[in-house]
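One file, start11.txt, is given below (compact mmCIF, C-alpha atoms).
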```
# COMPACT_ATOMS: atom_id res chain seq x y z
CA MET A 218 -19.08 -1.66 31.93
CA SER A 219 -16.21 0.17 30.32
CA THR A 220 -16.48 3.92 30.32
CA PRO A 221 -14.35 6.47 28.55
CA ARG A 222 -12.07 8.22 30.99
CA SER A 223 -11.17 11.31 29.10
CA GLU A 224 -12.74 13.77 26.73
CA SER A 225 -10.47 12.59 23.95
CA SER A 226 -12.03 9.14 23.74
CA ARG A 227 -15.59 10.51 23.52
CA VAL A 228 -17.41 10.34 20.23
CA ARG A 229 -18.43 13.86 19.46
CA ARG A 230 -20.26 14.35 16.25
CA VAL A 231 -23.31 12.14 16.18
CA ALA A 232 -24.14 11.21 19.71
CA ASP A 233 -26.10 8.09 18.86
CA ARG A 234 -23.22 6.66 16.87
CA GLY A 235 -21.08 6.45 19.99
CA ARG A 236 -21.09 3.18 21.92
CA TYR A 237 -19.10 2.64 25.04
CA ASP A 238 -20.08 -0.76 26.39
CA THR A 239 -17.34 -3.32 26.77
CA GLU A 240 -19.15 -5.97 24.77
CA THR A 241 -19.41 -3.75 21.70
CA ILE A 242 -15.82 -2.57 21.98
CA HIS A 243 -14.50 -6.11 22.34
CA ALA A 244 -16.62 -7.38 19.43
CA VAL A 245 -15.27 -4.76 17.03
CA LEU A 246 -11.68 -5.36 18.11
CA ASP A 247 -12.18 -9.11 17.74
CA GLY A 248 -13.73 -8.75 14.30
CA ALA A 249 -11.18 -6.42 12.71
CA LEU A 250 -8.30 -8.10 10.87
CA VAL A 251 -5.79 -5.32 11.51
CA SER A 252 -5.38 -2.24 13.64
CA HIS A 253 -3.93 1.11 12.74
CA VAL A 254 -1.60 2.23 15.49
CA GLY A 255 -0.79 5.91 15.82
CA LEU A 256 2.03 7.42 17.80
CA VAL A 257 3.91 10.67 17.92
CA SER A 258 7.45 10.59 16.57
CA ASP A 259 9.49 13.80 16.70
CA GLY A 260 6.27 15.71 17.12
CA ARG A 261 4.73 14.20 13.99
CA PRO A 262 1.96 11.62 13.76
CA ILE A 263 2.81 8.15 12.42
CA VAL A 264 0.18 5.50 11.69
CA ILE A 265 1.26 1.89 11.14
CA PRO A 266 -0.90 -1.16 10.43
CA MET A 267 -0.30 -3.86 13.03
CA LEU A 268 -1.68 -7.21 14.07
CA HIS A 269 -3.57 -7.32 17.32
CA GLY A 270 -5.23 -9.78 19.65
CA ARG A 271 -7.24 -9.44 22.82
CA ASP A 272 -7.01 -11.31 26.10
CA GLY A 273 -9.66 -10.00 28.46
CA ASP A 274 -9.08 -6.28 28.91
CA ALA A 275 -5.61 -6.34 27.38
CA LEU A 276 -4.95 -5.57 23.73
CA TYR A 277 -1.72 -7.07 22.42
CA LEU A 278 0.07 -5.65 19.39
CA HIS A 279 2.71 -7.27 17.30
CA GLY A 280 5.31 -5.97 14.91
CA SER A 281 8.98 -6.41 14.19
CA VAL A 282 11.46 -5.51 16.91
CA ALA A 283 13.28 -3.44 14.35
CA SER A 284 10.36 -1.28 13.35
CA ARG A 285 10.24 2.32 14.35
CA LEU A 286 7.10 1.86 16.36
CA GLN A 287 8.54 -0.88 18.51
CA ARG A 288 11.69 1.12 19.21
CA ALA A 289 9.68 4.18 20.13
CA VAL A 290 7.36 2.40 22.49
CA ALA A 291 9.92 0.21 24.22
CA GLY A 292 9.78 2.50 27.24
CA GLY A 293 6.00 2.84 27.10
CA VAL A 294 4.50 5.59 25.00
CA ASP A 295 1.14 7.01 24.15
CA VAL A 296 -0.59 5.27 21.30
CA CYS A 297 -3.97 5.41 19.65
CA VAL A 298 -5.13 2.07 18.25
CA THR A 299 -8.00 2.26 15.80
CA ALA A 300 -9.71 -0.79 14.30
CA THR A 301 -12.35 -0.40 11.61
CA ILE A 302 -14.70 -2.89 9.94
CA VAL A 303 -16.45 -1.65 6.81
CA ASP A 304 -19.93 -3.20 6.49
CA GLY A 305 -21.30 -1.50 3.39
CA LEU A 306 -21.66 1.52 1.19
CA VAL A 307 -24.72 3.70 1.71
CA PHE A 308 -26.12 5.21 -1.49
CA ALA A 309 -28.34 8.27 -1.20
CA ARG A 310 -30.03 10.31 -3.92
CA SER A 311 -27.81 13.28 -3.09
CA ALA A 312 -24.03 13.06 -3.23
CA PHE A 313 -24.00 14.78 0.16
CA HIS A 314 -25.88 12.03 2.00
CA HIS A 315 -23.77 9.14 0.75
CA SER A 316 -22.19 7.35 3.67
CA MET A 317 -20.61 4.13 4.81
CA ASN A 318 -21.78 1.55 7.31
CA TYR A 319 -18.93 0.65 9.59
CA ARG A 320 -17.89 -0.30 13.08
CA SER A 321 -14.83 1.36 14.52
CA VAL A 322 -13.07 1.32 17.88
CA VAL A 323 -10.48 3.72 19.23
CA VAL A 324 -8.31 2.69 22.18
CA LEU A 325 -6.08 5.28 23.78
CA GLY A 326 -3.35 4.67 26.28
CA THR A 327 0.22 3.80 27.01
CA ALA A 328 1.54 0.70 25.29
CA GLU A 329 4.25 -1.23 27.07
CA SER A 330 6.52 -4.00 25.95
CA VAL A 331 5.85 -7.35 27.64
CA ASP A 332 8.17 -10.26 28.25
CA GLY A 333 8.34 -13.84 29.45
CA GLU A 334 5.06 -15.67 29.88
CA GLU A 335 3.02 -12.61 29.02
CA LYS A 336 4.81 -12.27 25.69
CA VAL A 337 3.77 -15.82 24.83
CA ARG A 338 0.22 -15.08 26.00
CA GLY A 339 0.16 -12.00 23.77
CA LEU A 340 1.42 -13.90 20.75
CA ARG A 341 -1.18 -16.58 21.34
CA ALA A 342 -3.92 -13.93 21.55
CA ILE A 343 -2.77 -12.45 18.23
CA ALA A 344 -2.58 -15.86 16.51
CA GLU A 345 -5.97 -16.91 17.88
CA HIS A 346 -7.47 -13.58 16.89
CA LEU A 347 -6.68 -14.23 13.24
CA THR A 348 -7.35 -17.98 13.25
CA PRO A 349 -8.95 -19.58 16.31
CA GLY A 350 -7.30 -22.93 17.00
CA ARG A 351 -4.15 -22.24 14.99
CA TRP A 352 -1.84 -21.75 17.97
CA ALA A 353 -2.23 -25.37 19.03
CA GLU A 354 -1.63 -26.55 15.46
CA SER A 355 1.66 -24.67 15.07
CA ARG A 356 5.12 -25.19 16.44
CA GLU A 357 5.39 -22.87 19.44
CA PRO A 358 8.05 -20.16 19.41
CA ASN A 359 11.46 -21.06 20.78
CA GLY A 360 13.72 -18.84 22.84
CA ALA A 361 15.52 -17.27 19.88
CA GLU A 362 12.24 -16.49 18.15
CA LEU A 363 10.81 -14.92 21.27
CA ARG A 364 13.88 -12.70 21.59
CA GLN A 365 13.39 -11.49 18.02
CA THR A 366 9.73 -10.72 18.64
CA SER A 367 8.33 -7.80 20.49
CA VAL A 368 4.81 -7.64 21.86
CA LEU A 369 3.09 -4.60 23.28
CA ARG A 370 0.25 -4.50 25.77
CA LEU A 371 -2.32 -1.75 25.83
CA PRO A 372 -5.03 -1.81 28.49
CA ILE A 373 -8.51 -1.42 26.95
CA ASP A 374 -9.81 1.02 29.52
CA GLU A 375 -9.99 4.25 27.57
CA ALA A 376 -11.90 3.14 24.53
CA SER A 377 -14.90 4.06 22.45
CA ALA A 378 -16.78 2.58 19.52
CA LYS A 379 -18.51 4.33 16.67
CA ILE A 380 -21.03 2.46 14.58
CA ARG A 381 -23.19 3.36 11.60
CA THR A 382 -25.89 1.00 10.42
CA GLY A 383 -28.97 1.27 8.24
CA GLY A 384 -29.93 2.96 5.02
CA PRO A 385 -29.49 6.44 3.60
CA VAL A 386 -31.15 9.47 5.17
CA ASP A 387 -32.12 11.67 2.25
CA ASP A 388 -33.77 15.06 2.28
CA GLU A 389 -37.54 14.81 1.90
CA GLU A 390 -37.54 16.58 -1.45
CA ASP A 391 -35.00 14.16 -2.96
CA ILE A 392 -36.86 10.93 -2.23
CA ALA A 393 -38.96 11.02 -5.41
CA LEU A 394 -35.89 11.44 -7.64
CA PRO A 395 -35.42 8.43 -9.94
CA ILE A 396 -32.07 7.59 -8.33
CA TRP A 397 -31.49 4.25 -6.67
CA ALA A 398 -30.82 4.52 -2.94
CA GLY A 399 -29.91 1.81 -0.50
CA VAL A 400 -27.03 -0.17 0.87
CA LEU A 401 -24.49 -2.42 -0.80
CA PRO A 402 -23.21 -4.75 1.94
CA ILE A 403 -19.58 -5.79 1.92
CA THR A 404 -18.13 -8.81 3.67
CA PRO A 405 -14.70 -10.42 3.62
CA HIS A 406 -14.60 -13.55 1.51
CA TRP A 407 -12.03 -16.28 2.07
CA GLY A 408 -10.68 -17.85 -1.09
CA ALA A 409 -9.50 -21.43 -1.53
CA PRO A 410 -6.35 -22.29 0.45
CA VAL A 411 -3.13 -22.10 -1.59
CA ASP A 412 -0.52 -24.66 -0.55
CA ALA A 413 3.01 -23.46 0.25
CA VAL A 414 5.45 -24.40 -2.53
CA ASP A 415 7.39 -26.57 -0.10
CA LEU A 416 4.36 -28.36 1.37
CA PRO A 417 4.96 -32.13 1.42
CA PRO A 418 2.32 -34.18 -0.42
CA GLY A 419 -0.67 -35.25 1.59
CA VAL A 420 -0.80 -32.39 4.11
CA ALA A 421 -4.31 -30.95 3.88
CA PRO A 422 -5.48 -27.63 5.30
CA SER A 423 -5.85 -27.98 9.06
CA PRO A 424 -9.14 -27.76 10.98
CA ALA A 425 -8.38 -24.18 12.08
CA VAL A 426 -7.90 -23.07 8.48
CA ALA A 427 -11.01 -24.93 7.33
CA ASP A 428 -13.06 -23.48 10.20
CA LEU A 429 -11.98 -19.98 9.29
CA ARG A 430 -13.43 -20.45 5.81
CA GLY A 431 -16.63 -21.78 7.29
CA ASP A 432 -16.09 -25.18 5.66
CA THR A 433 -18.41 -27.74 7.17
CA VAL A 434 -15.85 -30.51 6.98
CA GLY A 435 -12.42 -30.01 8.53
CA ALA A 436 -9.26 -31.58 7.21
CA MET B 59 8.63 9.00 -10.16
CA SER B 60 7.67 9.81 -6.60
CA THR B 61 10.42 9.51 -4.03
CA PRO B 62 10.27 9.75 -0.28
CA ARG B 63 11.62 13.05 0.90
CA SER B 64 12.38 12.31 4.49
CA GLU B 65 13.69 9.49 6.61
CA SER B 66 10.31 9.13 8.27
CA SER B 67 8.57 7.92 5.12
CA ARG B 68 11.21 5.27 4.41
CA VAL B 69 10.33 1.64 4.99
CA ARG B 70 12.94 0.30 7.31
CA ARG B 71 12.54 -3.26 8.33
CA VAL B 72 12.50 -5.43 5.27
CA ALA B 73 14.04 -3.51 2.44
CA ASP B 74 12.38 -5.46 -0.34
CA ARG B 75 8.93 -4.82 1.09
CA GLY B 76 9.28 -1.08 0.49
CA ARG B 77 7.96 0.33 -2.78
CA TYR B 78 8.18 3.94 -3.71
CA ASP B 79 6.94 4.23 -7.27
CA THR B 80 3.96 6.45 -7.91
CA GLU B 81 2.00 3.78 -9.72
CA THR B 82 2.15 1.40 -6.76
CA ILE B 83 1.31 4.10 -4.25
CA HIS B 84 -1.65 5.31 -6.27
CA ALA B 85 -2.95 1.78 -6.82
CA VAL B 86 -2.99 1.00 -3.10
CA LEU B 87 -4.68 4.29 -2.25
CA ASP B 88 -7.25 3.72 -4.99
CA GLY B 89 -7.95 0.18 -3.82
CA ALA B 90 -8.39 0.81 -0.11
CA LEU B 91 -11.94 1.54 1.05
CA VAL B 92 -10.94 3.74 3.98
CA SER B 93 -7.90 5.51 5.33
CA HIS B 94 -6.73 5.87 8.88
CA VAL B 95 -5.72 9.44 9.51
CA GLY B 96 -3.36 10.22 12.37
CA LEU B 97 -2.71 13.59 13.89
CA VAL B 98 -1.29 14.98 17.11
CA SER B 99 -3.81 16.50 19.50
CA ASP B 100 -2.51 18.00 22.74
CA GLY B 101 0.66 16.00 22.26
CA ARG B 102 -1.21 12.71 21.96
CA PRO B 103 -1.77 10.63 18.84
CA ILE B 104 -5.28 10.32 17.45
CA VAL B 105 -6.22 7.97 14.59
CA ILE B 106 -9.57 8.37 12.85
CA PRO B 107 -11.00 6.38 9.93
CA MET B 108 -11.89 8.66 7.03
CA LEU B 109 -13.02 8.46 3.45
CA HIS B 110 -10.52 9.45 0.83
CA GLY B 111 -10.23 9.96 -2.90
CA ARG B 112 -7.39 10.80 -5.23
CA ASP B 113 -7.17 13.30 -8.04
CA GLY B 114 -3.73 13.11 -9.60
CA ASP B 115 -1.19 13.81 -6.89
CA ALA B 116 -3.74 15.17 -4.43
CA LEU B 117 -5.35 13.03 -1.76
CA TYR B 118 -8.70 14.37 -0.55
CA LEU B 119 -10.11 13.47 2.84
CA HIS B 120 -13.64 13.84 4.07
CA GLY B 121 -15.21 13.96 7.49
CA SER B 122 -17.67 16.05 9.40
CA VAL B 123 -16.88 19.71 9.93
CA ALA B 124 -17.62 19.20 13.57
CA SER B 125 -15.21 16.36 14.14
CA ARG B 126 -12.10 16.90 16.14
CA LEU B 127 -9.86 16.12 13.21
CA GLN B 128 -11.42 18.71 10.98
CA ARG B 129 -11.24 21.37 13.64
CA ALA B 130 -7.63 20.59 14.31
CA VAL B 131 -6.56 20.67 10.71
CA ALA B 132 -8.53 23.71 9.62
CA GLY B 133 -5.34 25.75 9.72
CA GLY B 134 -3.27 23.03 8.10
CA VAL B 135 -1.62 20.46 10.33
CA ASP B 136 0.64 17.48 10.06
CA VAL B 137 -1.16 14.25 9.33
CA CYS B 138 -0.20 10.70 8.52
CA VAL B 139 -2.67 8.93 6.26
CA THR B 140 -2.32 5.15 6.15
CA ALA B 141 -4.37 2.92 3.85
CA THR B 142 -4.11 -0.85 4.11
CA ILE B 143 -5.54 -3.66 1.97
CA VAL B 144 -5.37 -7.14 3.50
CA ASP B 145 -4.87 -9.79 0.80
CA GLY B 146 -4.56 -12.96 2.83
CA LEU B 147 -3.36 -14.82 5.88
CA VAL B 148 -0.03 -16.62 5.64
CA PHE B 149 0.12 -19.90 7.56
CA ALA B 150 3.53 -21.28 8.48
CA ARG B 151 4.45 -24.42 10.40
CA SER B 152 5.82 -22.30 13.24
CA ALA B 153 3.71 -19.74 15.06
CA PHE B 154 6.62 -17.33 14.64
CA HIS B 155 6.54 -17.30 10.83
CA HIS B 156 2.84 -16.68 10.45
CA SER B 157 2.25 -13.49 8.54
CA MET B 158 -0.21 -11.51 6.50
CA ASN B 159 -0.20 -10.55 2.85
CA TYR B 160 -1.10 -6.91 2.52
CA ARG B 161 -0.54 -3.69 0.67
CA SER B 162 -0.17 -0.53 2.70
CA VAL B 163 0.61 3.09 1.89
CA VAL B 164 1.68 5.85 4.25
CA VAL B 165 1.34 9.47 3.16
CA LEU B 166 2.86 12.16 5.37
CA GLY B 167 2.31 15.86 5.07
CA THR B 168 0.28 18.90 5.90
CA ALA B 169 -3.42 18.64 5.20
CA GLU B 170 -5.24 21.82 4.33
CA SER B 171 -8.90 22.64 4.06
CA VAL B 172 -10.06 23.40 0.52
CA ASP B 173 -12.97 25.49 -0.68
CA GLY B 174 -14.96 26.51 -3.73
CA GLU B 175 -14.37 24.51 -6.89
CA GLU B 176 -11.64 22.44 -5.33
CA LYS B 177 -13.98 21.34 -2.56
CA VAL B 178 -16.39 20.02 -5.18
CA ARG B 179 -13.50 18.35 -7.02
CA GLY B 180 -12.42 16.71 -3.77
CA LEU B 181 -15.92 15.46 -3.00
CA ARG B 182 -16.19 14.07 -6.51
CA ALA B 183 -12.86 12.27 -6.11
CA ILE B 184 -14.06 10.70 -2.86
CA ALA B 185 -17.42 9.64 -4.35
CA GLU B 186 -15.76 8.24 -7.48
CA HIS B 187 -13.16 6.45 -5.36
CA LEU B 188 -15.87 4.43 -3.66
CA THR B 189 -18.16 4.00 -6.67
CA PRO B 190 -16.93 5.07 -10.10
CA GLY B 191 -19.76 6.75 -11.99
CA ARG B 192 -21.86 7.52 -8.93
CA TRP B 193 -21.19 11.25 -8.87
CA ALA B 194 -22.99 11.78 -12.17
CA GLU B 195 -25.94 9.68 -10.96
CA SER B 196 -26.46 11.67 -7.76
CA ARG B 197 -27.87 15.10 -7.06
CA GLU B 198 -24.87 17.38 -6.73
CA PRO B 199 -24.30 19.21 -3.45
CA ASN B 200 -25.98 22.59 -3.04
CA GLY B 201 -24.50 25.63 -1.32
CA ALA B 202 -25.79 24.77 2.14
CA GLU B 203 -24.48 21.21 1.90
CA LEU B 204 -21.08 22.43 0.74
CA ARG B 205 -20.88 24.79 3.72
CA GLN B 206 -21.60 21.88 6.08
CA THR B 207 -18.92 19.75 4.48
CA SER B 208 -15.23 20.04 4.93
CA VAL B 209 -12.66 18.56 2.61
CA LEU B 210 -8.94 18.36 3.21
CA ARG B 211 -6.20 18.12 0.61
CA LEU B 212 -2.94 16.33 1.26
CA PRO B 213 -0.27 16.32 -1.46
CA ILE B 214 0.96 12.78 -2.20
CA ASP B 215 4.64 13.66 -2.36
CA GLU B 216 6.01 12.12 0.81
CA ALA B 217 4.67 8.62 0.53
CA SER B 218 5.76 5.02 0.69
CA ALA B 219 4.19 1.63 0.13
CA LYS B 220 4.85 -1.62 1.89
CA ILE B 221 3.72 -4.85 0.32
CA ARG B 222 3.95 -8.49 1.33
CA THR B 223 3.04 -11.22 -1.13
CA GLY B 224 3.69 -14.95 -1.44
CA GLY B 225 3.75 -17.91 0.85
CA PRO B 226 5.25 -18.65 4.25
CA VAL B 227 9.00 -18.73 4.81
CA ASP B 228 9.56 -21.53 7.31
CA ASP B 229 12.79 -22.70 8.89
CA GLU B 230 14.31 -25.61 6.97
CA GLU B 231 13.88 -28.01 9.89
CA ASP B 232 10.13 -27.26 10.17
CA ILE B 233 9.17 -28.05 6.58
CA ALA B 234 8.68 -31.76 7.14
CA LEU B 235 6.31 -31.19 10.08
CA PRO B 236 2.80 -32.47 9.30
CA ILE B 237 1.33 -28.98 9.60
CA TRP B 238 -0.46 -27.34 6.71
CA ALA B 239 1.27 -24.22 5.41
CA GLY B 240 0.14 -21.83 2.74
CA VAL B 241 -2.02 -18.80 2.11
CA LEU B 242 -5.70 -18.18 2.63
CA PRO B 243 -6.60 -15.32 0.28
CA ILE B 244 -9.17 -12.77 1.37
CA THR B 245 -11.13 -10.48 -0.90
CA PRO B 246 -14.02 -8.09 -0.30
CA HIS B 247 -17.33 -9.51 -1.45
CA TRP B 248 -20.25 -7.26 -2.37
CA GLY B 249 -23.63 -8.54 -1.26
CA ALA B 250 -26.96 -8.01 -2.99
CA PRO B 251 -28.15 -4.38 -2.99
CA VAL B 252 -30.64 -3.57 -0.23
CA ASP B 253 -33.23 -0.97 -1.24
CA ALA B 254 -33.76 2.05 0.98
CA VAL B 255 -37.04 1.79 2.92
CA ASP B 256 -38.32 4.92 1.17
CA LEU B 257 -37.31 3.86 -2.36
CA PRO B 258 -40.25 4.34 -4.75
CA PRO B 259 -41.29 1.20 -6.65
CA GLY B 260 -39.51 0.54 -9.92
CA VAL B 261 -36.18 2.22 -9.17
CA ALA B 262 -33.52 -0.41 -9.80
CA PRO B 263 -29.87 -0.25 -8.73
CA SER B 264 -28.03 2.16 -11.00
CA PRO B 265 -25.25 1.20 -13.42
CA ALA B 266 -22.57 2.50 -11.03
CA VAL B 267 -23.85 0.27 -8.24
CA ALA B 268 -24.19 -2.72 -10.58
CA ASP B 269 -20.68 -2.15 -11.98
CA LEU B 270 -19.22 -2.07 -8.49
CA ARG B 271 -20.58 -5.56 -7.88
CA GLY B 272 -19.18 -6.72 -11.16
CA ASP B 273 -22.63 -7.46 -12.52
CA THR B 274 -22.48 -7.94 -16.23
CA VAL B 275 -25.82 -6.27 -16.83
CA GLY B 276 -26.44 -2.78 -15.50
CA ALA B 277 -29.82 -1.51 -14.41
```

Translate the structure of the given file into structure tokens.
Amino acid sequence: MSTPRSESSRVRRVADRGRYDTETIHAVLDGALVSHVGLVSDGRPIVIPMLHGRDGDALYLHGSVASRLQRAVAGGVDVCVTATIVDGLVFARSAFHHSMNYRSVVVLGTAESVDGEEKVRGLRAIAEHLTPGRWAESREPNGAELRQTSVLRLPIDEASAKIRTGGPVDDEEDIALPIWAGVLPITPHWGAPVDAVDLPPGVAPSPAVADLRGDTVGA
Amino acid sequence: MSTPRSESSRVRRVADRGRYDTETIHAVLDGALVSHVGLVSDGRPIVIPMLHGRDGDALYLHGSVASRLQRAVAGGVDVCVTATIVDGLVFARSAFHHSMNYRSVVVLGTAESVDGEEKVRGLRAIAEHLTPGRWAESREPNGAELRQTSVLRLPIDEASAKIRTGGPVDDEEDIALPIWAGVLPITPHWGAPVDAVDLPPGVAPSPAVADLRGDTVGA
């Protein structure tokens, strides 16, 4: 459905690593914990890690009002949002053919500050992105908190994905070398919940937190 | 030891989250699997995930010769390299005070293409960054492979780290709410090695691969 609109969002090097369908792009954005947001400040590139969340074709970004990025983009500026999930290390016999399995998405466009109901919708998308169900468990933001928060919206219409999967591709003459080759998968692992120091006795981790860990029994 | 040289590498928002010592900066760079490299292309920001490795105060970056980034920086251009390690999700009672524990480093500067012995040193740093000991286990690159590879060097002298640790900081009046608050740690988990389809029988995962997984017994 989604198609890249400009040359700059096209994957160039390995044609078959480029994926442009909306489903793939959304899945990578939804699966990545953080984004790296690039912008141009005084002619120089700046890349800042930010939290993101998606609501349909809108990508919402969150950071402090006081941060440089938020100030710069208040009027709407060009950004490049890149989200990457590392799936494994690829070991070849040759140093040259070592690689990494990953899924990455680049979204280009103009990010704009949102307000009112859309700001709340953006914050909910970001909270739900990290922990589905947590928004409803938490105290919603009040007016003062909303004023201190800034949320940016970037339309996901100039986007591309790049994905590498599978094992190493060694040169024919290297395959017989007695060097192990293959893939070492890597996945994020959630540890046991650590209570806040000021948590009153008897408050167990909530269903959203338990679900995130894949626990079969919620709190 | 290392100090930021310009206003743009200074952490602004929360003063106590900014760390500038060399040891901290190196540790975050060494611990992050990938970097996100930003540059300015036709006035627009571009952010690309890349592999990196460190050798002393030099950060080496690796990507395809044919990629846009490599073409752009062949003559030496401004980049911003950001590496982020996510350590956990921070759950507060209020949606507003949810946060993330993370360690992030930003390195600003001019990246330049390297050649000859330094190119090999850079490739070794990148290989050893991902899997200590793997360089010596692999077939070293030959002349043709080196010509197809491009390696960039960025001096780590304008760099800053930003780190968040610890639990949630809720408003006093929210603490008694019956909502779980605390931290859910997240760590990368290595799966079992998957042999390459063309691996000859009897070739077990090498010591470097076993060490990476924390196996007590190497191959």

Selection near range 419-433 of chain A, 8 Å with all atoms listed in the file, sequence-local residues under 3 positions removed, as number ranges by chain = A: 348-351, 354, 407-408, 410, 416, 436; B: 236-239, 242

Which chain B residues have any atom within 6 Å of an atom of chain A, and for each, what is the nearest pair of atoms with distance in Å to one decimal, counting all atoms listed in the file, rows sorted by chain and number, as a Markdown table?
```
| residue | atom | partner | partner_atom | distance |
| --- | --- | --- | --- | --- |
| B:Arg71 | CA | A:Ser284 | CA | 5.8 |
| B:Gly96 | CA | A:Pro262 | CA | 5.7 |
| B:Leu97 | CA | A:Pro262 | CA | 5.1 |
| B:Val98 | CA | A:Pro262 | CA | 5.8 |
| B:Pro103 | CA | A:Leu256 | CA | 5.1 |
| B:Ile104 | CA | A:Cys297 | CA | 5.5 |
| B:Val105 | CA | A:Gly255 | CA | 5.9 |
| B:Ser125 | CA | A:Arg230 | CA | 5.8 |
| B:Cys138 | CA | A:Ile263 | CA | 5.5 |
| B:Arg151 | CA | A:Ser355 | CA | 5.4 |
| B:Ser152 | CA | A:Arg356 | CA | 4.4 |
| B:Ala153 | CA | A:Ser355 | CA | 5.3 |
| B:Phe154 | CA | A:Pro358 | CA | 5.7 |
| B:Ser196 | CA | A:Ser311 | CA | 5.1 |
| B:Arg197 | CA | A:Ser311 | CA | 4.4 |
| B:Glu198 | CA | A:Ala312 | CA | 5.6 |
| B:Pro199 | CA | A:Phe313 | CA | 5.7 |
| B:Gly225 | CA | A:Ala413 | CA | 5.6 |
| B:Trp238 | CA | A:Pro422 | CA | 5.2 |
| B:Ala239 | CA | A:Ala413 | CA | 5.5 |
| B:Gly240 | CA | A:Ala413 | CA | 4.1 |
| B:Val241 | CA | A:Val411 | CA | 5.1 |
| B:Leu242 | CA | A:Pro410 | CA | 4.7 |
| B:Pro243 | CA | A:Gly408 | CA | 5.0 |
| B:Ile244 | CA | A:Trp407 | CA | 4.6 |
| B:Thr245 | CA | A:His406 | CA | 5.2 |
| B:Pro246 | CA | A:Pro405 | CA | 4.6 |
| B:His247 | CA | A:Thr404 | CA | 5.2 |
| B:Trp248 | CA | A:Ile403 | CA | 4.6 |
| B:Gly249 | CA | A:Pro402 | CA | 5.0 |
| B:Pro251 | CA | A:Leu401 | CA | 4.7 |
| B:Val252 | CA | A:Val400 | CA | 5.1 |
| B:Asp253 | CA | A:Gly399 | CA | 4.4 |
| B:Ala254 | CA | A:Gly399 | CA | 4.1 |
| B:Val261 | CA | A:Trp397 | CA | 5.7 |
| B:Ala262 | CA | A:Trp397 | CA | 6.0 |
| B:Pro263 | CA | A:Trp397 | CA | 5.2 |
| B:Ser264 | CA | A:Trp397 | CA | 5.9 |
```

remark   = CA of His187 in chain B sits from CA of His120 in chain B at a separation of 12.0 Å

ask   = If you measure from CA of Ile373 in chain A to CA of Val337 in chain A, what distance in Å do you get, rounded to one decimal?
value = 19.0 Å

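One distance worth recording is that between CA of Gly248 in chain A and CA of Gly89 in chain B, which is 21.0 Å.
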
Provide an axis-aligned box for all listed atoms of range 298-316 of chain A, padding each side by 6 Å; report its centre and its edge lengths in Å to one decimal, as AutoDock Vina command-line options.
```
--center_x -17.6 --center_y 5.8 --center_z 7.2 --size_x 36.9 --size_y 30.0 --size_z 34.2
```

request  = Counting all atoms listed in the file, select every polymer residue within 6 Å of (0.7, -1.2, 22.2) as defined in the file's coordinates, and provide the selection as JSON, numbers by chain.
outcome  = {"A": [278, 328, 369, 370, 371]}

As a short mmCIF file (atom, residue, chain, number, x, y, z; two decimals), in the frame of the given file, the rebuilt range 324-334 of chain A with N, CA and C atoms:
```cif
data_model
loop_
_atom_site.label_atom_id
_atom_site.label_comp_id
_atom_site.auth_asym_id
_atom_site.auth_seq_id
_atom_site.Cartn_x
_atom_site.Cartn_y
_atom_site.Cartn_z
N VAL A 324 -8.85 2.95 20.84
CA VAL A 324 -8.31 2.69 22.18
C VAL A 324 -7.12 3.60 22.39
N LEU A 325 -7.18 4.37 23.45
CA LEU A 325 -6.08 5.28 23.78
C LEU A 325 -5.35 4.77 25.00
N GLY A 326 -4.07 5.05 25.07
CA GLY A 326 -3.35 4.67 26.28
C GLY A 326 -1.87 4.53 26.06
N THR A 327 -1.21 3.99 27.07
CA THR A 327 0.22 3.80 27.01
C THR A 327 0.51 2.33 26.75
N ALA A 328 1.18 2.07 25.64
CA ALA A 328 1.54 0.70 25.29
C ALA A 328 2.90 0.38 25.89
N GLU A 329 2.99 -0.82 26.47
CA GLU A 329 4.25 -1.23 27.07
C GLU A 329 4.68 -2.59 26.54
N SER A 330 5.96 -2.75 26.40
CA SER A 330 6.52 -4.00 25.95
C SER A 330 6.33 -5.06 27.04
N VAL A 331 5.99 -6.28 26.65
CA VAL A 331 5.85 -7.35 27.64
C VAL A 331 6.87 -8.44 27.36
N ASP A 332 7.14 -9.23 28.37
CA ASP A 332 8.17 -10.26 28.25
C ASP A 332 7.74 -11.56 28.92
N GLY A 333 8.57 -12.58 28.75
CA GLY A 333 8.34 -13.84 29.45
C GLY A 333 7.01 -14.46 29.09
N GLU A 334 6.33 -14.98 30.13
CA GLU A 334 5.06 -15.67 29.88
C GLU A 334 4.01 -14.78 29.23
#
```
